[in-house]
Amino acid sequence: MAGGYKQQPGSRSSETRKDGKRVAGKQSFAPPGSGGSRPKMAERDLDFIPEMVGGKEHQPAGAHIHDRARTGTTVGKRIPLVDANAKVTGQAWYGDDVRLQNEIIGRIVRSPHHYAKVVSVDTSKAENLPGVLAVATGDDAPNKFGVLPVTKDEHAMAVEKVRHVGDLVACVAAIDEATAREAAALIEVEYEVLDSIHDMKKGLEDVDEPIHWRGKYHVGTTNVQKRVFQEFGDRSMVENPSAMYHGKWKFQGVNHGFTEPHAVVAHWDSNGRLQLYTPQQVPHYAHRALATVLEVPMHQINVIRTFVGGGFGGKSDPFPHEMCAAILARKAGRPVRINFDREEVFWVNRGRHPSHIEVQLYADEDARISGFDIDALIDGGGFASFGHVTSYYNGVLATAPYELGSFHYTGARVWTNKPASGAMRGHGAVNTRCAVEVGLDDMAEQLQVDPIDLRLANLLPPHSRTISGFRITSNGMRQALQKVREGSDWDNKFRKLPLGKGIGIGCGFFISGSGLPIHWDPNKFPHATVHMQIDMDGGVTVHTGAADIGQGSTTAVAQVVAEVLALPIEMIHVRSHESDTSPVDLGSYSSRVTFMNANAAIRAALEIKEKLLNAAWDVLGYHPDTLVLNDRRIYYKHDPAIGMSYLEALHKAQEDKGALISSGAYRSPPMGGVHKGAAAGLAPAYSFSAYVAEVDVDVETGLIKCTDVWAAHDCGKALNPLAVEGQIIGSCHMGLGQVLTEQMVYGRSGHLQNPNLLDYKIPSVHEMPNVTPIIIESCDPEGPFGAKEAGEGPLLPILPAVVNAVYDAIGIRVNDLPLTPDKIWAAITKKMKIERIEDATNLPVPRLDFSELQEKLAKRAAEHNIRDKKRQTTEDTSAYVNGVLFGFDPNIPLEEQVEGWAHADKPSAEQLAELGLAGKAWLKEEQRNMGGEN
Amino acid sequence: MIPVAPSVVWKSNINGQQKESLIPSNAILLDVLRDKAGCLGVKRGCDMGTCGCCTVMIDGVPRLSCLTMAQDGAGKEIITVEGLSDGAHLAPIQQCFGEHGGSQCGFCTPGFLVASQALLNENSNPSEQEIACAIEGNLCRCTGYQQIIDSIKAAAEIHRGEKESTPPVSDAHPDPHPTGPDEPTMPPGHAR
């Protein structure tokens, strides 16, 4: 601004006072912080301002509460990740890139046995080796920890028992890696080997020595870690079904396969505080666990999250090696760095659970889905990890997007002597979803209708409730299905392609943030908090604990702040690495970060905006409601010439208190029912997705190649389409790995046979299909600018889409993932034998001849299409609960309308007699009911 | 105790600078680059040549540094990810990886950058198949490769001179104190 700033009130030039002394008058000086380029305000970008507030951005799903905060700056634009430059220049520092002065190297001693008692550990030889500075064993850290407060069952190193090959027994720290390895080999451990369990079915049986002991809650003397029983709806509906699918599925364990192996650096600083550098998705839980194990108050620990080289759920537990590094560093008095080799990554695992899943689906005479029966037995490996939650997710996340007549779920998670399973992208929902979606495809085949129409005629509408009581708000499932149908030219391909070529559909449903924080009462602390600070230079510093694991949470936070304050994104600096400076955040899991953190950031930014506008009101004399923020300026909306720069407003606002500071928080609304396990699967919003996959199957070798995928995902509002597309394509890649090639192979003796990336087959660039990402924007009422998650949900539909496409190609369903050529070929030869076909190229392929039902379904789908549009834009605000499709009144509790509309959390005596595999976990009593140990 | 390998003097040209250090004779190039030469941008992902994160250019050819003995790299020209950019200016390939989403978590990125830069040095008009073959030794778990291929194609266009290297989305140093349209010069505090 011409004229510049004035130092102090007074006359324009220096003057002589009455006493003859000269005093300095006002002196002009350049406003601090100015002098950058782009001295002119850019015009408002109306294409990115919603039409409801005068812009040109189309809003088919209606207005949003944050519309008035939109300035057209960043939201909806393809913004590169704000840390991209660090990553492409090699400056991003991951766990193993932290180099501290005087560091020494730690190495872990691991169990060679599946299951054994640790009789003694002799460390004397290792301690006497020159160059060894510290040795630690289980005795050094007897306190238990675990990611969930209800299942703390891990130790830093084995206390009493080792529970799988690779379990930690001791650790050493030495001046270099060679010495550390040597010392680790010198530690002598005496084991008493116990009978190990590798088959998850055996985990249901009583044994002498269960892998863990849960006291009065222990189920018999089995290895059942968690059992779930849920029943909703009217069971009589499944009688006399017009179609029924019964499938027994097998899913192998899958590892996250992130490219960065775990690494950690621990350093007790000169004040005796622990500085722990670790690539963590959930630094806060690690923080808590460290305090427990090390017996140091949390405020004496600073957890520094390095860049994270991929997480996918695999870096969200507090890990024993983090404790080991801290213990070694405390003993040695020097910083200790531990980095894993790839094999150790597989020993730590926490990947997707190997599972046996049995589903029974029923459809009635109108092709309504009258029942889902799901039975999921999942293999937890040696520790609980997130398993408590996984046990629920395997069932409850199948209760949408379809309207169900009844829902029945039995689940059990057992301990076995394998590396622990845990949370992995699409946590708990992926395997069941695959089984269910394939079941729907099969029922459509039986009914001779189009599987997309079957789905379209059975969807829950927006603003409804699922059978288990989840609150669905925005719902773009229908548009997603319509878009992929259109994009893939479905109607001209399905059941019409030649042998060996096939097309299939799959849908997905996932939570966008878990409704309840694990560690505290949601009424007492918020889920996410964001702090902001702006000092006189005008740069905005945002403090958040959100862990960027590559998904771009830092960018999302920077974007929403930039959007609200109408500042270029370069002026936003996100600080999220240290627990010392970041407000507590639950971290990156459950697809919660964008939803919760960006919401908190918007609130913090709005507080700052209010201060700026009030300052502008003081100066300009126009009420804040009539002022517009745009590209570093605030002006009167009817005359842009009346205005002031952002910096001037900021300095005016700073007059009294200096730097502007604000804090914003997000907490989810109260939700959910009162039944046992009602909290599992609750989320403030849900994402929906539909994929169509096209495959080539070589009938002579059984090799499957996925060639094209049309992937539609409802992410509410794409804050950054570039990042959303990246998530969709990336999810496709990971899901494709699970369905075609990836598996953790355990040999006959229970050993993991492929703990490396050569034998564990992650799809390479040659295996990737052409993915056409399609973004559906349903504008979630509670999401930040309408956004929901896009990180996990897009993984779910690819599995069933490929399995269904394989059926379309060769008429064979294989219920055992991954679909490796040997399995497909075995199924082909079996079919050839049964049908007496000599040449595989003469295999019959399924064809579709529409039944009468098809027309009925198409008509119902068209009616529902209109219904959903009205509900989406809240033109229709009447209540809708699961059951309306079956003729019930949504305004009266279903229990009062229907006899037998049940909510059960325990099997009845007669159900006990006919339970499935996982259901057998209910045959045993808990210890407290057996008069056993209390 | 394992006998320590005798030390040898190791000389190489790393990113245009002559480096000399004392290394064990059996050292792996990856370790030397990370711990002696300070090139922490070269990543260790698997130690057995399966992930490609440690790819560096040796005399212009992309090599897996975790499978290369340091001595085999002695006296040669080694380029790591740190050597791709020209001073403060990003190379086109680096710029494009950022703009087209070729990098998410970023751990595999250095390997991909080096492998694709080596390709572009040889062939500035690669087909999709040639790109795929150039990066088939690199694993990426985040992006599903599609946006990486987009990035390489965009960088190839710049290499061919068909496109200008795009400036950043907005200016790197925006003035927090801009003037508005048709704004009269007026002292602060005096609205019209």
# chains A, B, ... in the order shown; residues from 1 in each chain; ligands from 1
>>> residues_around(residues="Ala126 of chain A", least_positions_apart="6", cutoff="12 Å", atoms="only C-alpha atoms", output="PyMOL selection string")
(chain A and resi 107+109+132-136+170-174+179-189) or (chain B and resi 1)
>>> interface_residues(of="chain B", to="chain A", cutoff="7 Å", atoms="only C-alpha atoms", output="number ranges by chain")
B: 40-41, 45-46, 50, 81-82, 94, 98-99, 101, 103-110, 132, 136, 139, 141-145, 172-183, 185, 187, 189-192
>>> closest_residue(among="B:Thr80, B:Gln147, B:Asn123, B:Thr55", to="Arg160 of chain B", atoms="only C-alpha atoms")
B:Asn123
>>> residues_around(residues="Thr626 of chain A", least_positions_apart="6", cutoff="9 Å", atoms="only C-alpha atoms", output="list in words")
Tyr635, Tyr636, Lys637 and His638 of chain A
>>> select_by_dssp(residues="segment 235-392 of chain A", states="helix (DSSP H, G or I)", output="ChimeraX atom specification")
/A:235-238,283-294,298-300,320-332,342-348,387-392
>>> write_last_selection(atoms="C-alpha atoms", output="compact mmCIF listing (two decimals), in the first residue's frame")
# COMPACT_ATOMS: atom_id res chain seq x y z
CA ARG A 235 -36.13 -64.30 11.23
CA SER A 236 -39.37 -65.67 9.84
CA MET A 237 -38.78 -63.67 6.66
CA VAL A 238 -36.10 -66.05 5.44
CA PRO A 283 1.40 -41.49 17.63
CA HIS A 284 -0.93 -40.84 20.52
CA TYR A 285 -1.50 -44.50 21.35
CA ALA A 286 2.22 -45.17 21.14
CA HIS A 287 2.65 -42.23 23.49
CA ARG A 288 0.26 -43.75 26.01
CA ALA A 289 1.78 -47.22 25.76
CA LEU A 290 5.31 -45.86 26.18
CA ALA A 291 4.28 -44.10 29.37
CA THR A 292 2.79 -47.32 30.73
CA VAL A 293 5.70 -49.55 29.83
CA LEU A 294 8.51 -47.18 30.75
CA MET A 298 3.31 -38.86 29.34
CA HIS A 299 4.51 -35.28 29.58
CA GLN A 300 8.07 -36.55 29.82
CA PRO A 320 7.21 -53.59 21.19
CA HIS A 321 10.28 -52.49 19.25
CA GLU A 322 9.47 -48.87 20.12
CA MET A 323 9.61 -49.84 23.78
CA CYS A 324 12.81 -51.81 23.19
CA ALA A 325 14.56 -48.82 21.65
CA ALA A 326 13.53 -46.63 24.57
CA ILE A 327 14.69 -49.18 27.13
CA LEU A 328 18.02 -49.70 25.39
CA ALA A 329 18.58 -45.96 25.04
CA ARG A 330 17.85 -45.46 28.71
CA LYS A 331 20.34 -48.18 29.65
CA ALA A 332 23.06 -47.10 27.26
CA ARG A 342 11.68 -56.97 5.58
CA GLU A 343 11.34 -60.32 7.30
CA GLU A 344 10.78 -58.61 10.65
CA VAL A 345 8.00 -56.58 9.09
CA PHE A 346 6.20 -59.84 8.42
CA TRP A 347 6.80 -61.03 11.98
CA VAL A 348 5.16 -57.89 13.31
CA GLY A 387 -9.09 -57.67 16.99
CA HIS A 388 -11.88 -56.77 19.34
CA VAL A 389 -13.13 -54.29 16.77
CA THR A 390 -12.35 -56.52 13.77
CA SER A 391 -14.59 -59.18 15.25
CA TYR A 392 -17.54 -56.81 15.06
>>> select_by_dssp(residues="segment 22-147 of chain B", states="strand (DSSP E)", output="ChimeraX atom specification")
/B:22-24,55-58,61-64,77-79
>>> write_last_selection(atoms="N, CA and C atoms", output="PDB file, in the first residue's frame")
ATOM      1  N   LEU B  22      36.420 -44.130   3.694  1.00  0.00           N
ATOM      2  CA  LEU B  22      37.019 -45.397   4.100  1.00  0.00           C
ATOM      3  C   LEU B  22      35.866 -46.354   4.386  1.00  0.00           C
ATOM      4  N   ILE B  23      35.828 -47.455   3.644  1.00  0.00           N
ATOM      5  CA  ILE B  23      34.710 -48.367   3.838  1.00  0.00           C
ATOM      6  C   ILE B  23      35.224 -49.785   4.023  1.00  0.00           C
ATOM      7  N   PRO B  24      34.442 -50.653   4.677  1.00  0.00           N
ATOM      8  CA  PRO B  24      34.832 -52.062   4.723  1.00  0.00           C
ATOM      9  C   PRO B  24      34.816 -52.606   3.295  1.00  0.00           C
ATOM     10  N   THR B  55      17.039 -47.703  -5.924  1.00  0.00           N
ATOM     11  CA  THR B  55      17.598 -47.539  -7.276  1.00  0.00           C
ATOM     12  C   THR B  55      18.427 -46.261  -7.395  1.00  0.00           C
ATOM     13  N   VAL B  56      19.626 -46.408  -7.943  1.00  0.00           N
ATOM     14  CA  VAL B  56      20.460 -45.239  -8.256  1.00  0.00           C
ATOM     15  C   VAL B  56      20.994 -45.427  -9.676  1.00  0.00           C
ATOM     16  N   MET B  57      21.450 -44.335 -10.257  1.00  0.00           N
ATOM     17  CA  MET B  57      22.046 -44.454 -11.586  1.00  0.00           C
ATOM     18  C   MET B  57      23.554 -44.612 -11.446  1.00  0.00           C
ATOM     19  N   ILE B  58      24.096 -45.665 -12.030  1.00  0.00           N
ATOM     20  CA  ILE B  58      25.544 -45.817 -12.060  1.00  0.00           C
ATOM     21  C   ILE B  58      25.960 -45.688 -13.521  1.00  0.00           C
ATOM     22  N   VAL B  61      23.017 -45.860 -15.836  1.00  0.00           N
ATOM     23  CA  VAL B  61      22.154 -47.043 -15.873  1.00  0.00           C
ATOM     24  C   VAL B  61      21.525 -47.236 -14.491  1.00  0.00           C
ATOM     25  N   PRO B  62      20.196 -47.421 -14.402  1.00  0.00           N
ATOM     26  CA  PRO B  62      19.599 -47.625 -13.080  1.00  0.00           C
ATOM     27  C   PRO B  62      20.003 -48.969 -12.489  1.00  0.00           C
ATOM     28  N   ARG B  63      20.434 -48.931 -11.249  1.00  0.00           N
ATOM     29  CA  ARG B  63      20.914 -50.153 -10.577  1.00  0.00           C
ATOM     30  C   ARG B  63      20.314 -50.210  -9.183  1.00  0.00           C
ATOM     31  N   LEU B  64      20.157 -51.426  -8.685  1.00  0.00           N
ATOM     32  CA  LEU B  64      19.684 -51.587  -7.311  1.00  0.00           C
ATOM     33  C   LEU B  64      20.887 -51.506  -6.385  1.00  0.00           C
ATOM     34  N   GLU B  77      30.274 -42.803 -11.940  1.00  0.00           N
ATOM     35  CA  GLU B  77      29.396 -41.673 -11.667  1.00  0.00           C
ATOM     36  C   GLU B  77      28.068 -42.188 -11.140  1.00  0.00           C
ATOM     37  N   ILE B  78      27.768 -41.813  -9.913  1.00  0.00           N
ATOM     38  CA  ILE B  78      26.533 -42.286  -9.291  1.00  0.00           C
ATOM     39  C   ILE B  78      25.591 -41.095  -9.142  1.00  0.00           C
ATOM     40  N   ILE B  79      24.360 -41.296  -9.564  1.00  0.00           N
ATOM     41  CA  ILE B  79      23.367 -40.232  -9.361  1.00  0.00           C
ATOM     42  C   ILE B  79      22.230 -40.788  -8.529  1.00  0.00           C
TER      43      ILE B  79
END
>>> closest_residue(among="B:Ser25, B:Ser165, B:Ser116, B:Gln146", to="Cys133 of chain B", atoms="only C-alpha atoms")
B:Ser116
>>> residues_around(residues="His64 of chain A", least_positions_apart="4", cutoff="8 Å", atoms="only C-alpha atoms", output="VMD selection string")
chain A and resid 779 to 781 785 to 786
>>> write_last_selection(atoms="N, CA and C atoms", output="PDB file, in the first residue's frame")
ATOM      1  N   CYS A 779     -22.282 -34.873  -0.926  1.00  0.00           N
ATOM      2  CA  CYS A 779     -22.299 -33.744  -0.011  1.00  0.00           C
ATOM      3  C   CYS A 779     -22.807 -34.132   1.378  1.00  0.00           C
ATOM      4  N   ASP A 780     -21.909 -34.629   2.194  1.00  0.00           N
ATOM      5  CA  ASP A 780     -22.329 -35.053   3.522  1.00  0.00           C
ATOM      6  C   ASP A 780     -22.627 -33.856   4.417  1.00  0.00           C
ATOM      7  N   PRO A 781     -23.762 -33.876   5.113  1.00  0.00           N
ATOM      8  CA  PRO A 781     -24.126 -32.698   5.909  1.00  0.00           C
ATOM      9  C   PRO A 781     -23.138 -32.377   7.020  1.00  0.00           C
ATOM     10  N   PHE A 785     -16.906 -29.316   4.323  1.00  0.00           N
ATOM     11  CA  PHE A 785     -17.339 -28.918   2.985  1.00  0.00           C
ATOM     12  C   PHE A 785     -18.085 -30.064   2.284  1.00  0.00           C
ATOM     13  N   GLY A 786     -18.581 -31.011   3.085  1.00  0.00           N
ATOM     14  CA  GLY A 786     -19.346 -32.122   2.513  1.00  0.00           C
ATOM     15  C   GLY A 786     -18.537 -33.394   2.307  1.00  0.00           C
TER      16      GLY A 786
END
>>> closest_residue(among="B:Ser65, B:Asn13, B:Asn121, B:Ser85", to="Ala27 of chain B", atoms="only C-alpha atoms")
B:Ser65
>>> closest_residue(among="A:Gly62, A:Gly664, A:Gly95, A:Gly513", to="Arg44 of chain B", atoms="only C-alpha atoms")
A:Gly95
>>> atom_distance(atom1="atom CA of Val32 of chain B", atom2="atom CA of His267 of chain A")
24.3 Å
>>> residues_around(residues="Asp176 of chain A", least_positions_apart="6", cutoff="9 Å", atoms="only C-alpha atoms", output="short mmCIF file (atom, residue, chain, number, x, y, z; two decimals) with all heavy atoms, in the first residue's frame")
data_model
loop_
_atom_site.label_atom_id
_atom_site.label_comp_id
_atom_site.auth_asym_id
_atom_site.auth_seq_id
_atom_site.Cartn_x
_atom_site.Cartn_y
_atom_site.Cartn_z
N ILE A 104 23.63 -45.35 18.51
CA ILE A 104 24.06 -46.75 18.44
C ILE A 104 22.91 -47.56 17.86
O ILE A 104 21.80 -47.06 17.70
CB ILE A 104 24.48 -47.29 19.83
CG1 ILE A 104 23.36 -47.10 20.84
CG2 ILE A 104 25.75 -46.62 20.29
CD1 ILE A 104 23.66 -47.70 22.19
N ILE A 105 23.23 -48.79 17.49
CA ILE A 105 22.26 -49.59 16.74
C ILE A 105 21.68 -50.69 17.61
O ILE A 105 22.41 -51.41 18.31
CB ILE A 105 22.95 -50.24 15.51
CG1 ILE A 105 23.61 -49.16 14.65
CG2 ILE A 105 21.95 -51.05 14.68
CD1 ILE A 105 22.66 -48.16 14.04
N GLY A 106 20.38 -50.80 17.58
CA GLY A 106 19.71 -51.85 18.35
C GLY A 106 19.33 -53.02 17.46
O GLY A 106 19.12 -52.87 16.26
N GLY A 131 31.95 -53.52 22.53
CA GLY A 131 31.11 -52.74 21.64
C GLY A 131 29.64 -52.81 21.99
O GLY A 131 28.83 -52.05 21.49
N VAL A 132 29.27 -53.76 22.88
CA VAL A 132 27.86 -53.85 23.29
C VAL A 132 27.63 -52.88 24.43
O VAL A 132 28.37 -52.86 25.41
CB VAL A 132 27.51 -55.29 23.70
CG1 VAL A 132 26.11 -55.34 24.31
CG2 VAL A 132 27.59 -56.19 22.49
#
>>> atom_distance(atom1="atom CA of Leu460 of chain A", atom2="atom CA of Asn882 of chain A")
7.1 Å
>>> atom_distance(atom1="atom CA of Glu51 of chain A", atom2="atom CA of Ser778 of chain A")
15.4 Å
>>> closest_residue(among="B:Ile93, B:Leu33, B:Cys51, B:Ala70", to="Ile14 of chain B", atoms="only C-alpha atoms")
B:Leu33
>>> residues_around(residues="Lys248 of chain A", least_positions_apart="3", cutoff="9 Å", atoms="only C-alpha atoms", output="ChimeraX atom specification")
/A:356-360,435,815-816
>>> closest_residue(among="A:Gly673, A:Gly476, A:Pro583, A:Gly405", to="His713 of chain A", atoms="only C-alpha atoms")
A:Gly476
>>> residues_around(residues="His212 of chain A", least_positions_apart="4", cutoff="8 Å", atoms="only C-alpha atoms", output="ChimeraX atom specification")
/A:153,223,415
>>> write_last_selection(atoms="all heavy atoms", output="compact mmCIF listing (two decimals), in the first residue's frame")
# COMPACT_ATOMS: atom_id res chain seq x y z
N ASP A 153 -2.43 -56.97 25.94
CA ASP A 153 -1.85 -58.30 26.12
C ASP A 153 -0.43 -58.42 25.57
O ASP A 153 0.07 -59.49 25.33
CB ASP A 153 -2.76 -59.36 25.48
CG ASP A 153 -2.89 -59.18 23.97
OD1 ASP A 153 -2.32 -58.20 23.45
OD2 ASP A 153 -3.55 -60.00 23.33
N ASN A 223 -8.99 -70.82 22.95
CA ASN A 223 -8.21 -69.67 22.50
C ASN A 223 -9.09 -68.62 21.86
O ASN A 223 -8.65 -67.86 21.00
CB ASN A 223 -7.14 -70.14 21.52
CG ASN A 223 -5.91 -70.65 22.26
OD1 ASN A 223 -5.37 -69.95 23.12
ND2 ASN A 223 -5.52 -71.87 21.97
N TRP A 415 -6.96 -66.79 19.04
CA TRP A 415 -5.51 -66.65 19.04
C TRP A 415 -4.90 -67.90 18.43
O TRP A 415 -5.35 -69.03 18.72
CB TRP A 415 -4.98 -66.56 20.47
CG TRP A 415 -5.30 -65.30 21.20
CD1 TRP A 415 -4.92 -64.05 20.87
CD2 TRP A 415 -6.05 -65.19 22.42
NE1 TRP A 415 -5.37 -63.14 21.81
CE2 TRP A 415 -6.06 -63.82 22.76
CE3 TRP A 415 -6.70 -66.09 23.25
CZ2 TRP A 415 -6.71 -63.35 23.91
CZ3 TRP A 415 -7.33 -65.63 24.38
CH2 TRP A 415 -7.34 -64.26 24.71
